[in-house]
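Novice: For reference, the file target06.cif (mmCIF, C-alpha atoms and all ligand atoms) is included below:
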data_protein
loop_
_atom_site.label_atom_id
_atom_site.label_comp_id
_atom_site.auth_asym_id
_atom_site.auth_seq_id
_atom_site.Cartn_x
_atom_site.Cartn_y
_atom_site.Cartn_z
CA MET H 11 137.24 68.98 120.91
CA PRO H 12 135.05 70.21 118.01
CA ALA H 13 136.62 72.70 115.61
CA TYR H 14 134.22 75.43 116.70
CA LEU H 15 135.38 75.27 120.33
CA ARG H 16 139.01 74.82 119.44
CA ARG H 17 138.83 78.11 117.66
CA TYR H 18 138.12 79.92 120.91
CA PHE H 19 140.43 78.04 123.22
CA LEU H 20 144.09 78.48 122.53
CA LYS H 21 146.52 77.90 125.33
CA LYS H 22 148.92 80.70 124.88
CA ILE H 23 150.15 82.99 122.17
CA ASN H 24 153.70 84.26 122.27
CA VAL H 25 154.58 87.23 120.18
CA PHE H 26 158.06 86.82 118.74
CA SER H 27 160.70 89.33 119.48
CA TRP H 28 162.14 90.91 116.41
CA ASP H 29 164.82 93.29 115.47
CA VAL H 30 164.30 96.53 113.65
CA ARG H 31 166.61 95.26 110.91
CA ASP H 32 163.70 93.08 109.78
CA PHE H 33 161.96 96.20 108.64
CA GLN H 34 162.57 96.75 104.98
CA GLY H 35 162.30 100.33 103.91
CA VAL H 36 159.60 102.69 102.91
CA VAL H 37 155.95 102.12 103.67
CA LEU H 38 153.70 103.17 100.84
CA LEU H 39 150.31 104.36 101.92
CA GLU H 40 147.29 105.04 99.85
CA SER H 41 143.91 106.17 100.94
CA HIS H 42 140.81 105.60 98.94
CA ASN H 43 138.70 108.67 99.34
CA PHE H 44 135.80 107.49 97.17
CA ASP H 45 137.21 108.70 93.84
CA THR H 46 140.77 109.86 94.23
CA MET H 47 143.84 107.88 95.17
CA GLU H 48 146.39 109.88 97.07
CA LEU H 49 149.41 109.36 99.25
CA ILE H 50 148.96 110.04 102.93
CA SER H 51 151.17 109.92 105.98
CA SER H 52 150.97 107.22 108.62
CA GLN H 53 149.78 109.76 111.20
CA GLU H 54 146.73 110.46 109.15
CA ILE H 55 145.67 106.87 108.70
CA ILE H 56 143.87 106.34 111.96
CA GLU H 57 141.97 109.60 111.76
CA ARG H 58 140.94 108.96 108.20
CA ILE H 59 139.63 105.45 108.63
CA LYS H 60 137.66 106.65 111.64
CA HIS H 61 135.95 109.04 109.29
CA GLY H 62 134.91 106.32 106.90
CA GLU H 63 137.82 106.08 104.49
CA ILE H 64 139.42 102.85 103.39
CA VAL H 65 143.19 102.79 103.35
CA VAL H 66 145.33 100.54 101.14
CA ILE H 67 148.84 99.93 102.39
CA ARG H 68 150.95 98.60 99.55
CA ARG H 69 153.47 95.83 100.27
CA CYS H 70 152.67 96.15 103.96
CA LEU H 71 153.32 92.50 104.83
CA GLN H 72 156.66 92.51 103.03
CA ASN H 73 157.67 95.68 104.83
CA ILE H 74 157.04 94.12 108.20
CA ALA H 75 158.68 90.87 107.07
CA MET H 76 155.56 88.76 107.48
CA HIS H 77 154.40 87.84 103.98
CA ASP H 78 156.82 84.97 103.36
CA THR H 79 156.20 83.62 106.87
CA VAL H 80 152.46 83.41 106.27
CA VAL H 81 152.93 81.78 102.85
CA ALA H 82 155.36 79.25 104.39
CA GLU H 83 152.78 78.29 107.02
CA ILE H 84 150.08 77.87 104.38
CA LEU H 85 152.38 75.61 102.39
CA ARG H 86 153.22 73.66 105.54
CA ALA H 87 149.51 73.04 106.15
CA LEU H 88 149.07 72.06 102.50
CA MET H 89 151.89 69.54 102.82
CA ILE H 90 150.21 67.92 105.83
CA VAL H 91 146.75 67.83 104.28
CA CYS H 92 147.84 66.93 100.72
CA ASN H 93 151.40 66.06 99.71
CA GLU H 94 154.66 67.41 98.37
CA GLY H 95 153.34 67.35 94.80
CA ALA H 96 150.58 69.77 95.79
CA VAL H 97 153.10 72.12 97.37
CA SER H 98 155.33 72.06 94.27
CA TYR H 99 152.30 72.75 92.08
CA VAL H 100 151.34 75.80 94.11
CA LYS H 101 154.93 77.04 94.19
CA LYS H 102 155.06 76.79 90.42
CA HIS H 103 151.63 78.13 89.49
CA GLY H 104 150.99 80.54 92.35
CA ILE H 105 149.00 80.30 95.57
CA GLU H 106 145.90 81.39 93.62
CA LYS H 107 145.82 77.92 92.08
CA ILE H 108 145.53 76.15 95.42
CA HIS H 109 141.98 74.97 94.61
CA GLU H 110 143.43 72.73 91.92
CA VAL H 111 145.25 70.62 94.51
CA LEU H 112 143.25 71.17 97.69
CA PRO H 113 139.74 69.73 97.32
CA ALA H 114 136.89 71.43 99.17
CA LYS H 115 136.36 68.35 101.33
CA SER H 116 139.91 68.76 102.71
CA LEU H 117 139.43 72.40 103.62
CA SER H 118 138.24 71.59 107.11
CA LYS H 119 141.51 69.78 107.88
CA PHE H 120 143.46 72.56 106.20
CA TYR H 121 141.76 75.13 108.43
CA GLU H 122 142.54 73.06 111.50
CA GLU H 123 146.20 72.99 110.56
CA THR H 124 146.46 76.69 109.86
CA GLU H 125 144.64 77.59 113.07
CA LYS H 126 147.51 76.10 115.01
CA VAL H 127 149.80 78.88 113.84
CA ILE H 128 147.80 81.72 112.29
CA PRO H 129 146.68 83.33 115.59
CA GLU H 130 150.28 83.80 116.59
CA LEU H 131 151.25 85.09 113.18
CA ALA H 132 148.31 87.49 113.19
CA LEU H 133 149.38 88.87 116.52
CA ASN H 134 152.81 89.44 115.08
CA ILE H 135 151.36 91.19 112.09
CA MET H 136 149.29 93.49 114.28
CA ALA H 137 152.21 94.21 116.61
CA ARG H 138 154.60 94.97 113.77
CA PHE H 139 151.95 96.95 111.96
CA ASN H 140 151.45 99.17 115.00
CA PHE H 141 155.11 99.50 115.75
CA PHE H 142 156.53 100.03 112.26
CA THR H 143 153.78 101.03 109.89
CA LEU H 144 151.86 103.32 112.22
CA ALA H 145 154.89 104.16 114.38
CA ARG H 146 152.75 103.68 117.48
CA ARG H 147 154.31 102.85 120.81
CA THR H 148 151.17 102.65 122.89
CA PRO H 149 149.19 99.54 123.88
CA PHE H 150 146.41 98.32 121.66
CA TYR H 151 143.82 95.56 121.81
CA VAL H 152 143.60 92.57 119.54
CA GLU H 153 140.87 90.12 118.79
CA THR H 154 142.67 86.83 119.06
CA GLY H 155 140.71 84.88 116.44
CA PRO H 156 142.07 85.86 112.99
CA ASN H 157 140.62 84.40 109.81
CA ILE H 158 142.02 82.79 106.73
CA ARG H 159 139.62 83.55 103.92
CA MET H 160 140.00 81.27 100.98
CA MET H 161 137.41 82.00 98.34
CA TYR H 162 137.49 79.45 95.56
CA PRO H 163 136.40 80.43 92.03
CA TYR H 164 132.62 80.39 92.10
CA ASP H 165 132.33 77.71 89.43
CA VAL H 166 134.49 75.46 91.62
CA MET H 167 132.67 76.54 94.76
CA SER H 168 129.25 75.85 93.27
CA ARG H 169 130.12 72.17 92.83
CA GLU H 170 131.01 71.92 96.51
CA LEU H 171 128.42 74.20 98.05
CA VAL H 172 127.07 71.62 100.47
CA SER H 173 130.42 70.83 102.08
CA LEU H 174 131.50 74.47 102.03
CA ARG H 175 128.29 75.62 103.70
CA HIS H 176 128.75 72.90 106.27
CA LEU H 177 132.28 74.11 106.96
CA ALA H 178 131.06 77.72 107.12
CA LYS H 179 128.76 76.72 109.98
CA THR H 180 131.79 76.02 112.16
CA ILE H 181 134.25 78.62 110.93
CA GLY H 182 131.82 81.43 110.04
CA ARG H 183 130.68 83.11 106.86
CA GLY H 184 132.90 85.00 104.46
CA LYS H 185 135.77 82.54 104.77
CA VAL H 186 134.89 79.80 102.31
CA THR H 187 131.41 81.05 101.39
CA LEU H 188 130.10 84.47 100.45
CA HIS H 189 128.90 87.04 102.91
CA GLY H 190 126.43 89.69 101.71
CA PRO H 191 126.61 93.37 102.76
CA HIS H 192 126.95 93.68 106.53
CA GLN H 193 128.63 95.52 109.37
CA ASP H 194 130.86 93.48 111.65
CA SER H 195 129.30 94.97 114.78
CA TRP H 196 126.24 92.83 113.98
CA PHE H 197 128.44 89.84 114.74
CA PHE H 198 129.38 90.97 118.22
CA HIS H 199 132.53 92.80 117.22
CA ALA H 200 133.24 96.14 118.89
CA PHE H 201 132.09 99.30 117.12
CA ASN H 202 135.59 100.75 117.17
CA THR H 203 137.18 97.66 115.66
CA VAL H 204 139.69 98.20 112.87
CA ASN H 205 139.99 95.48 110.24
CA LEU H 206 143.29 94.50 108.65
CA TRP H 207 142.48 92.61 105.48
CA CYS H 208 145.78 91.25 104.17
CA ALA H 209 146.23 89.92 100.64
CA ILE H 210 148.35 86.78 100.56
CA GLY H 211 147.81 86.18 96.85
CA HIS H 212 146.46 88.50 94.16
CA VAL H 213 143.05 90.02 94.76
CA SER H 214 141.04 91.63 92.00
CA GLU H 215 137.85 93.63 91.77
CA PHE H 216 136.26 90.40 90.50
CA ASN H 217 136.97 88.37 93.64
CA GLY H 218 137.74 90.72 96.52
CA LEU H 219 135.73 92.81 98.92
CA THR H 220 133.14 95.44 98.05
CA PHE H 221 132.61 98.52 100.23
CA TYR H 222 129.63 100.84 100.21
CA PRO H 223 131.19 104.02 101.59
CA THR H 224 128.25 106.29 100.86
CA MET H 225 126.41 104.34 103.57
CA TRP H 226 129.08 105.26 106.12
CA GLY H 227 127.64 106.44 109.42
CA LYS H 228 124.08 105.40 108.55
CA GLN H 229 122.38 103.12 110.95
CA LEU H 230 120.87 100.44 108.75
CA ALA H 231 118.64 97.54 109.65
CA CYS H 232 119.74 93.99 109.02
CA ASN H 233 117.69 90.93 108.16
CA GLU H 234 117.58 87.64 110.05
CA LYS H 235 120.81 86.55 108.32
CA GLN H 236 122.58 89.63 109.68
CA GLU H 237 122.95 91.05 106.23
CA ILE H 238 121.70 94.48 105.14
CA ASP H 239 117.98 94.62 104.57
CA PRO H 240 117.84 94.10 100.78
CA HIS H 241 115.49 97.05 100.28
CA TYR H 242 118.29 99.53 100.76
CA HIS H 243 119.95 101.07 97.82
CA LEU H 244 123.57 100.85 98.89
CA GLY H 245 125.02 103.19 96.30
CA ARG H 246 128.04 102.58 94.14
CA GLY H 247 130.26 99.93 95.70
CA ILE H 248 134.03 100.21 95.49
CA THR H 249 136.51 97.38 95.07
CA PHE H 250 140.29 97.14 94.99
CA ASN H 251 142.96 95.35 93.02
CA LEU H 252 145.60 94.17 95.47
CA GLU H 253 149.03 92.64 95.05
CA PRO H 254 150.29 90.00 97.50
CA GLY H 255 151.23 91.71 100.76
CA ASP H 256 148.93 94.72 100.30
CA VAL H 257 146.68 95.45 103.27
CA LEU H 258 143.25 97.07 103.39
CA LEU H 259 142.53 98.95 106.58
CA PHE H 260 138.96 99.92 107.46
CA MET H 261 136.59 100.26 110.37
CA ALA H 262 134.53 97.15 111.00
CA ASP H 263 131.43 99.33 110.93
CA GLN H 264 132.11 100.09 107.27
CA ILE H 265 129.54 98.17 105.22
CA HIS H 266 131.30 95.49 103.21
CA ALA H 267 130.53 92.25 101.36
CA SER H 268 132.41 89.39 99.72
CA THR H 269 132.59 89.81 95.96
CA ILE H 270 131.61 86.59 94.22
CA ASN H 271 134.74 85.04 92.71
CA GLN H 272 134.31 85.55 88.97
CA THR H 273 137.88 84.55 88.16
CA ASP H 274 139.66 81.21 87.85
CA LYS H 275 141.88 82.07 90.81
CA THR H 276 141.42 81.48 94.51
CA ARG H 277 141.30 84.64 96.53
CA LEU H 278 143.45 84.03 99.58
CA ILE H 279 143.67 86.60 102.34
CA ILE H 280 143.98 86.68 106.12
CA SER H 281 142.06 89.17 108.17
CA MET H 282 142.35 90.26 111.77
CA ARG H 283 140.86 92.88 114.04
CA MET H 284 142.13 95.30 116.65
CA THR H 285 141.16 98.46 118.46
CA PHE H 286 143.35 101.37 119.44
CA GLU H 287 141.20 102.19 122.43
CA LYS H 288 139.29 99.90 124.75
CA PRO H 289 136.82 97.82 122.71
CA ASP H 290 133.45 99.55 122.56
CA TYR H 291 130.66 96.95 122.51
CA TYR H 292 126.95 97.31 122.11
CA LYS H 293 125.57 97.83 125.62
CA ASN H 294 129.10 97.27 126.95
CA PHE H 295 128.64 93.62 126.37
CA CYS H 296 132.00 91.96 125.81
CA TYR H 297 131.39 89.17 123.32
CA TYR H 298 134.82 88.59 121.92
CA ASP H 299 138.14 87.71 123.35
CA PHE H 300 140.15 90.90 123.17
CA ARG H 301 143.55 91.23 124.78
CA ARG H 302 145.69 94.22 125.48
CA VAL H 303 149.10 94.09 123.88
CA LYS H 304 151.81 96.20 125.43
CA PHE H 305 155.17 97.25 124.15
CA PHE H 306 157.60 96.45 126.91
CA SER H 307 160.58 98.48 125.85
CA HIS H 308 161.69 101.11 123.41
CA ASN H 309 164.60 99.23 121.91
CA HIS H 310 162.60 98.00 118.95
CA ARG H 311 161.90 94.68 120.55
CA MET H 312 158.60 93.52 121.87
CA LYS H 313 157.45 90.61 123.93
CA ALA H 314 153.89 89.85 124.84
CA LYS H 315 152.07 86.86 126.14
CA VAL H 316 148.40 86.52 125.57
CA GLN H 317 146.30 84.03 127.43
CA ARG H 318 143.14 83.38 125.49
CA PHE H 319 139.96 82.79 127.36
CA PRO H 320 136.62 83.96 126.01
CA HIS H 321 134.09 85.56 128.26
CA PRO H 322 131.36 83.03 129.22
CA ARG H 323 128.76 85.50 127.95
CA PHE H 324 130.22 85.05 124.50
CA PHE H 325 129.19 81.39 124.48
CA LEU H 326 125.84 82.26 125.95
CA ALA H 327 125.21 84.77 123.19
CA ARG H 328 126.34 82.30 120.54
CA SER H 329 124.18 79.52 121.90
CA LYS H 330 121.11 81.74 121.72
CA GLY H 331 121.93 82.52 118.12
CA PHE H 332 122.10 85.90 116.48
CA LYS H 333 118.86 87.73 116.77
CA ARG H 334 117.46 90.46 114.65
CA GLY H 335 117.37 93.63 116.63
CA ILE H 336 120.70 93.29 118.42
CA ILE H 337 121.44 96.63 116.83
CA PRO H 338 118.56 99.14 117.04
CA PRO H 339 116.57 99.40 113.80
CA ALA H 340 117.34 101.97 111.16
CA THR H 341 116.17 105.50 111.50
CA GLU H 342 116.70 106.37 107.88
CA ILE H 343 115.76 104.20 104.93
CA PRO H 344 116.99 105.67 101.64
CA LEU H 345 114.61 103.89 99.33
CA SER H 346 113.70 106.80 97.08
CA LYS H 347 115.64 105.52 94.08
CA ASN H 348 113.87 102.24 94.41
CA GLN H 349 110.43 103.64 93.63
CA TYR H 350 108.51 101.96 90.86
CA LEU H 351 108.30 103.76 87.54
CA LYS H 352 104.89 105.16 86.74
CA THR H 353 103.34 103.04 84.01
CA ARG H 354 100.48 103.58 81.56
CA SER H 355 97.96 100.91 80.79
CA GLY H 356 97.36 99.96 77.16
CA ASN H 357 95.37 97.44 75.14
CA ASP H 358 97.90 94.64 75.47
CA PRO H 359 98.42 93.64 79.15
CA SER H 360 101.75 92.00 78.29
CA ILE H 361 103.21 95.38 77.28
CA ILE H 362 104.22 97.83 80.01
CA VAL H 363 104.62 101.45 78.96
CA PHE H 364 106.39 104.23 80.86
CA ARG H 365 107.54 107.76 80.12
CA SER H 366 110.98 107.96 78.53
CA THR H 367 112.12 110.94 80.62
CA ASP H 368 111.42 109.04 83.86
CA LEU H 369 114.52 106.87 83.37
CA VAL H 370 117.77 108.81 83.39
CA HIS H 371 121.20 107.74 82.13
CA ASN H 372 122.96 105.05 84.21
CA GLU H 373 119.89 104.46 86.32
CA THR H 374 118.20 101.19 87.30
CA ARG H 375 114.56 101.21 88.42
CA PRO H 376 111.90 98.62 89.21
CA LEU H 377 109.13 98.37 86.64
CA SER H 378 107.10 95.57 88.18
CA ASP H 379 107.49 92.91 90.83
CA SER H 380 109.60 90.82 88.48
CA ILE H 381 111.15 93.20 85.95
CA CYS H 382 113.46 96.18 86.21
CA VAL H 383 114.80 98.58 83.62
CA ALA H 384 118.04 100.48 83.14
CA ARG H 385 119.36 103.08 80.76
CA TYR H 386 122.96 102.90 79.63
CA ASP H 387 124.59 104.63 76.65
CA ASP H 388 121.22 105.81 75.37
CA ARG H 389 120.00 102.25 75.39
CA VAL H 390 117.12 101.03 77.52
CA MET H 391 117.25 97.49 78.90
CA ALA H 392 114.58 95.49 80.71
CA PHE H 393 115.60 92.37 82.57
CA ASN H 394 114.73 89.99 85.40
CA ARG H 395 114.54 91.91 88.58
CA PHE H 396 116.08 89.23 90.80
CA CYS H 397 119.66 88.05 90.51
CA PRO H 398 119.98 84.45 89.31
CA HIS H 399 122.65 83.90 91.94
CA GLU H 400 120.82 84.38 95.24
CA GLY H 401 117.91 86.59 94.28
CA ALA H 402 119.13 90.08 95.23
CA ASP H 403 117.04 92.93 93.86
CA LEU H 404 118.79 94.20 90.73
CA ALA H 405 116.60 97.29 90.83
CA THR H 406 119.03 98.50 93.50
CA GLY H 407 122.02 97.50 91.35
CA ILE H 408 124.14 99.73 89.19
CA ILE H 409 125.56 99.82 85.68
CA LYS H 410 129.34 99.60 85.56
CA ASP H 411 131.58 99.33 82.48
CA SER H 412 128.61 98.22 80.38
CA THR H 413 127.67 95.49 82.85
CA ILE H 414 124.73 95.20 85.22
CA LEU H 415 126.26 94.81 88.66
CA CYS H 416 124.40 92.96 91.39
CA PRO H 417 124.51 94.91 94.66
CA TRP H 418 124.78 91.81 96.80
CA HIS H 419 127.95 89.91 95.79
CA GLY H 420 129.06 92.09 92.90
CA LEU H 421 128.32 89.67 90.07
CA ARG H 422 128.43 91.42 86.70
CA PHE H 423 126.11 90.59 83.82
CA ASP H 424 126.97 91.60 80.28
CA SER H 425 124.43 94.20 79.21
CA THR H 426 124.09 92.64 75.78
CA THR H 427 124.09 88.90 76.40
CA GLY H 428 123.05 88.75 80.07
CA LYS H 429 125.90 86.33 80.75
CA SER H 430 128.29 86.60 83.66
CA LEU H 431 131.80 85.18 84.01
CA CYS H 432 130.39 82.41 86.22
CA GLN H 433 129.21 79.66 83.93
CA SER H 434 127.37 77.92 86.73
CA ILE H 435 125.01 80.89 87.12
CA LYS H 436 122.16 81.33 84.66
CA PRO H 437 122.33 84.41 82.42
CA LEU H 438 119.98 87.28 83.03
CA THR H 439 116.83 87.23 80.91
CA PHE H 440 116.15 90.36 78.89
CA PHE H 441 112.81 91.63 77.67
CA LYS H 442 112.29 93.41 74.42
CA CYS H 443 112.16 97.22 74.77
CA HIS H 444 111.09 99.80 72.30
CA GLU H 445 111.68 103.51 72.82
CA ASN H 446 109.24 105.52 70.83
CA GLY H 447 109.76 109.24 71.41
CA GLU H 448 108.07 110.09 74.65
CA TRP H 449 107.31 106.50 75.69
CA ILE H 450 109.13 103.24 76.28
CA GLU H 451 107.41 99.88 75.80
CA VAL H 452 108.55 96.71 77.52
CA HIS H 453 107.28 93.44 76.05
CA THR H 454 107.09 91.22 79.09
CA GLN H 455 106.46 87.96 77.33
CA ARG H 456 109.14 87.98 74.68
CA GLY H 457 112.81 87.36 75.46
CA GLY H 458 115.73 88.94 73.66
CA VAL H 459 117.23 92.41 73.75
S1 LIG K 501 125.57 88.20 93.10
FE1 LIG K 501 124.75 87.10 94.74
S2 LIG K 501 122.70 87.67 94.73
FE2 LIG K 501 123.50 88.67 93.00
FE FE K 502 132.84 91.44 107.77
#
In structure tokens, how does this file's structure come out?
Specialist:
Amino acid sequence: MPAYLRRYFLKKINVFSWDVRDFQGVVLLESHNFDTMELISSQEIIERIKHGEIVVIRRCLQNIAMHDTVVAEILRALMIVCNEGAVSYVKKHGIEKIHEVLPAKSLSKFYEETEKVIPELALNIMARFNFFTLARRTPFYVETGPNIRMMYPYDVMSRELVSLRHLAKTIGRGKVTLHGPHQDSWFFHAFNTVNLWCAIGHVSEFNGLTFYPTMWGKQLACNEKQEIDPHYHLGRGITFNLEPGDVLLFMADQIHASTINQTDKTRLIISMRMTFEKPDYYKNFCYYDFRRVKFFSHNHRMKAKVQRFPHPRFFLARSKGFKRGIIPPATEIPLSKNQYLKTRSGNDPSIIVFRSTDLVHNETRPLSDSICVARYDDRVMAFNRFCPHEGADLATGIIKDSTILCPWHGLRFDSTTGKSLCQSIKPLTFFKCHENGEWIEVHTQRGGV
């Protein structure tokens, strides 16, 4: 059976029974409310994520006694696909170094191995999470196809892009390849889906997930790749540094994107989805295999059996391919910031001149079809408008910590050299700028800052 089908046909998933003694102590909760980090109670979590917040639960997997189990299963799969030496290497240097022993061409086999056990583990995580972390005793619904997401350092990934893209065709985007800004409901997930994004190894703001919370609640149009239409200005993205076992909790309708891995470490996480109420699909169309999980008793033990069988319409929808327009088009397009600067014509057509006061601090604006400008620390910069990675419009990007940050996969370019941390990606080209009182000149034919 091909891997794609195997993913949707599992015979049976048994949720283990467990004893409350497994539960180890205090659950630390944090909520990211755009700018402030604060402690919140478990009762508040559900309400808050439904209102567009992103919650970080520190050491969640350890507290529900699942972190070591997941790591053990990953090492078991590594042993089967590679050898004992590979396992010892990872144990010694950390799971983030797995790319040094597991070549990209073996990832397909690795995924096959993990898929034999991860669905059951994910169900356990969701059950324990509901029972212990959220203290819920009511039934909930789970999507029975969890994901391991193993994002190799981009410089490693770029050497293996062909095989990784091939693998992504069967297992989906965002697992071994990058996924630009999107909402999960564009991929047939229910609108009220809650994502649990669980760090197995360390995750940093240079290889994790970017959220665009100021877009929360806006109905945005997507392109034919089911990513946000690149003309939107998505606002300041937020990212998180996570320790192993930390969990991010957010609504699947929250706009999010993979951050390109600018580190030398693999970002390894598992993600899963559930709903607290009945799954709410676009036009009531049930695309995914959701199952209701019930707590059978109140003595801190739970048993559940889940028979997986996807709805035939799911396969029908998949076979027709994803079509633009599954979700109604946007009603609001916040493109105002993206307006071209007004320019003045001069004698030399290779010099573009604009009014100094038109570009405010920390702002990026398009100057022409190929150049954009930004002002940072009283310095004006002009550079290539399109990202050398996959061509996103940097005129909708932002300046962060003296870097130019691409809105698409969060790659950061040094504002002085144009280089990023990914050596396999070309640096940004700068154009000479000259601020002369009221006016700024951009020399479009000469490189250099
Ligand atoms: S980081 Fe991917 S397009 Fe810019
Ligand atoms: Fe997603």
Novice: Between CA of Tyr222 (chain H) and CA of Ile248 (chain H), what is the distance, to one decimal in Å?
Specialist: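 Between CA of Tyr222 (chain H) and CA of Ile248 (chain H) the gap works out to 6.5 Å.
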Novice: Record the distance separating CA of Phe201 (chain H) and CA of Val186 (chain H), expressed in Å with one decimal.
Specialist: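 Atom-to-atom, CA of Phe201 (chain H) to CA of Val186 (chain H), that is 24.6 Å.
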Novice: Pick from H:Leu112, H:Ile238, H:Ile90, H:Ile381: nearest to ligand FE 502 (chain K), with only C-alpha atoms and all ligand atoms counted?
Specialist: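 Ranked by minimum distance to ligand FE 502 (chain K), first place goes to H:Ile238.
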Novice: Residues within 6 Å of ligand LIG 501 (chain K) should be enumerated using all atoms listed in the file and returned as a PyMOL selection string.
Specialist: chain H and resi 397+399-402+416+418-421
Novice: For Ile408 (chain H), list every protein, DNA or RNA residue within 8 Å, evaluated using all atoms listed in the file, and leave out those in the same chain fewer than 3 positions away; present the list as an NGL selection string.
Specialist: :H and (245-246 or 372-374 or 404 or 414-417)
Novice: Could you please take those selected residues and save C-alpha atoms as a PDB file, in the coordinates of the input?
Specialist:
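Wrote result-v4.pdb, looks like this:
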ATOM      1  CA  GLY H 245     125.020 103.190  96.300  1.00  0.00           C
ATOM      2  CA  ARG H 246     128.040 102.580  94.140  1.00  0.00           C
ATOM      3  CA  ASN H 372     122.960 105.050  84.210  1.00  0.00           C
ATOM      4  CA  GLU H 373     119.890 104.460  86.320  1.00  0.00           C
ATOM      5  CA  THR H 374     118.200 101.190  87.300  1.00  0.00           C
ATOM      6  CA  LEU H 404     118.790  94.200  90.730  1.00  0.00           C
ATOM      7  CA  ILE H 414     124.730  95.200  85.220  1.00  0.00           C
ATOM      8  CA  LEU H 415     126.260  94.810  88.660  1.00  0.00           C
ATOM      9  CA  CYS H 416     124.400  92.960  91.390  1.00  0.00           C
ATOM     10  CA  PRO H 417     124.510  94.910  94.660  1.00  0.00           C
TER      11      PRO H 417
END
Novice: Using all atoms listed in the file, which residues sit within 8 Å of Val213 (chain H) once same-chain residues fewer than 4 positions away are excluded, as a list in words?
Specialist: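 That gives Ala209, Asn217, Gly218, Phe250, Asn251, Leu252, Glu253, Pro254, Arg277 and Leu278 of chain H.
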Novice: Please produce a file of those selected residues containing C-alpha atoms, as a short mmCIF file (atom, residue, chain, number, x, y, z; two decimals), keeping the file's coordinate frame.
Specialist:
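Dumped everything to part_19.cif:
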data_model
loop_
_atom_site.label_atom_id
_atom_site.label_comp_id
_atom_site.auth_asym_id
_atom_site.auth_seq_id
_atom_site.Cartn_x
_atom_site.Cartn_y
_atom_site.Cartn_z
CA ALA H 209 146.23 89.92 100.64
CA ASN H 217 136.97 88.37 93.64
CA GLY H 218 137.74 90.72 96.52
CA PHE H 250 140.29 97.14 94.99
CA ASN H 251 142.96 95.35 93.02
CA LEU H 252 145.60 94.17 95.47
CA GLU H 253 149.03 92.64 95.05
CA PRO H 254 150.29 90.00 97.50
CA ARG H 277 141.30 84.64 96.53
CA LEU H 278 143.45 84.03 99.58
#
Novice: What residues have any atom no more than 8 Å from ligand FE 502 (chain K) when counting only C-alpha atoms and all ligand atoms, and can you list them as a CSV table (one decimal) with C-alpha atoms, in the frame of the given file?
Specialist:
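Everything below was put into pocket.csv:
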chain,number,residue,atom,x,y,z
H,184,GLY,CA,132.9,85.0,104.5
H,189,HIS,CA,128.9,87.0,102.9
H,192,HIS,CA,127.0,93.7,106.5
H,193,GLN,CA,128.6,95.5,109.4
H,194,ASP,CA,130.9,93.5,111.6
H,262,ALA,CA,134.5,97.2,111.0
H,265,ILE,CA,129.5,98.2,105.2
H,266,HIS,CA,131.3,95.5,103.2
H,267,ALA,CA,130.5,92.2,101.4
Novice: Considering all atoms listed in the file, state which residue in the set H:Thr426, H:Thr276, H:Gln455, H:Asp379 is at the smallest distance from Ser360 (chain H).
Specialist: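 Looking only at the distances to Ser360 (chain H), the closest residue turns out to be H:Gln455.
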Novice: Skip Glu451 (chain H) itself and residues of its chain fewer than 2 positions away, then list as a list of chain:residue names all residues within 7 Å of it, counting only C-alpha atoms.
Specialist: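 Returned residues: H:Ile361, H:Ile362, H:Val363, H:Phe364, H:Cys443, H:His444, H:Glu445, H:Trp449, H:His453.
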Novice: Write out as a list in words which residues come within 8 Å of Arg365 (chain H) when counting all atoms listed in the file, dropping same-chain ones fewer than 3 positions away.
Specialist: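 These residues fall inside the cut-off: Lys352, Thr353, Asp368, Leu369, Glu448, Trp449 and Ile450 of chain H.
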Novice: Looking at H:Ile64, H:Pro163, H:Pro149, H:Thr180, which one is nearest to Thr220 (chain H), with distances taken over all atoms listed in the file?
Specialist: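 Of H:Ile64, H:Pro163, H:Pro149, H:Thr180, the one nearest Thr220 (chain H) is H:Ile64, counting all atoms listed in the file.
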Novice: Between CA of Phe198 (chain H) and CA of Ile55 (chain H), what distance in Å does the model show, to one decimal?
Specialist: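 Answer for the CA of Phe198 (chain H) to CA of Ile55 (chain H) separation: 24.7 Å.
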Novice: Cys432 (chain H): which residues within 10 Å, counting all atoms listed in the file, same-chain residues fewer than 3 positions away excluded, as an MDAnalysis selection string?
Specialist: chainID H and resid 163:166 168 270:274 399 421:423 429 435:437
Novice: Select, from H:Arg175, H:Arg169, H:Lys228, H:Arg68, the residue with the minimum atom-to-atom distance to Gln433 (chain H), counting all atoms listed in the file.
Specialist: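 Answer, going by the shortest atom-to-atom distance: H:Arg169.
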Novice: I need the residue nearest Leu174 (chain H) from this list: H:Met161, H:Glu106, H:Tyr99, H:Asn394. Use all atoms listed in the file for the distance.
Specialist: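 Closest residue, counting all atoms listed in the file: H:Met161.
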Novice: Can you work out which one of H:Ser98, H:Gln264, H:Asn140, H:Asn157 has the shortest atom-to-atom distance to Phe286 (chain H), counting all atoms listed in the file?
Specialist: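 The closest residue to Phe286 (chain H) is H:Asn140.
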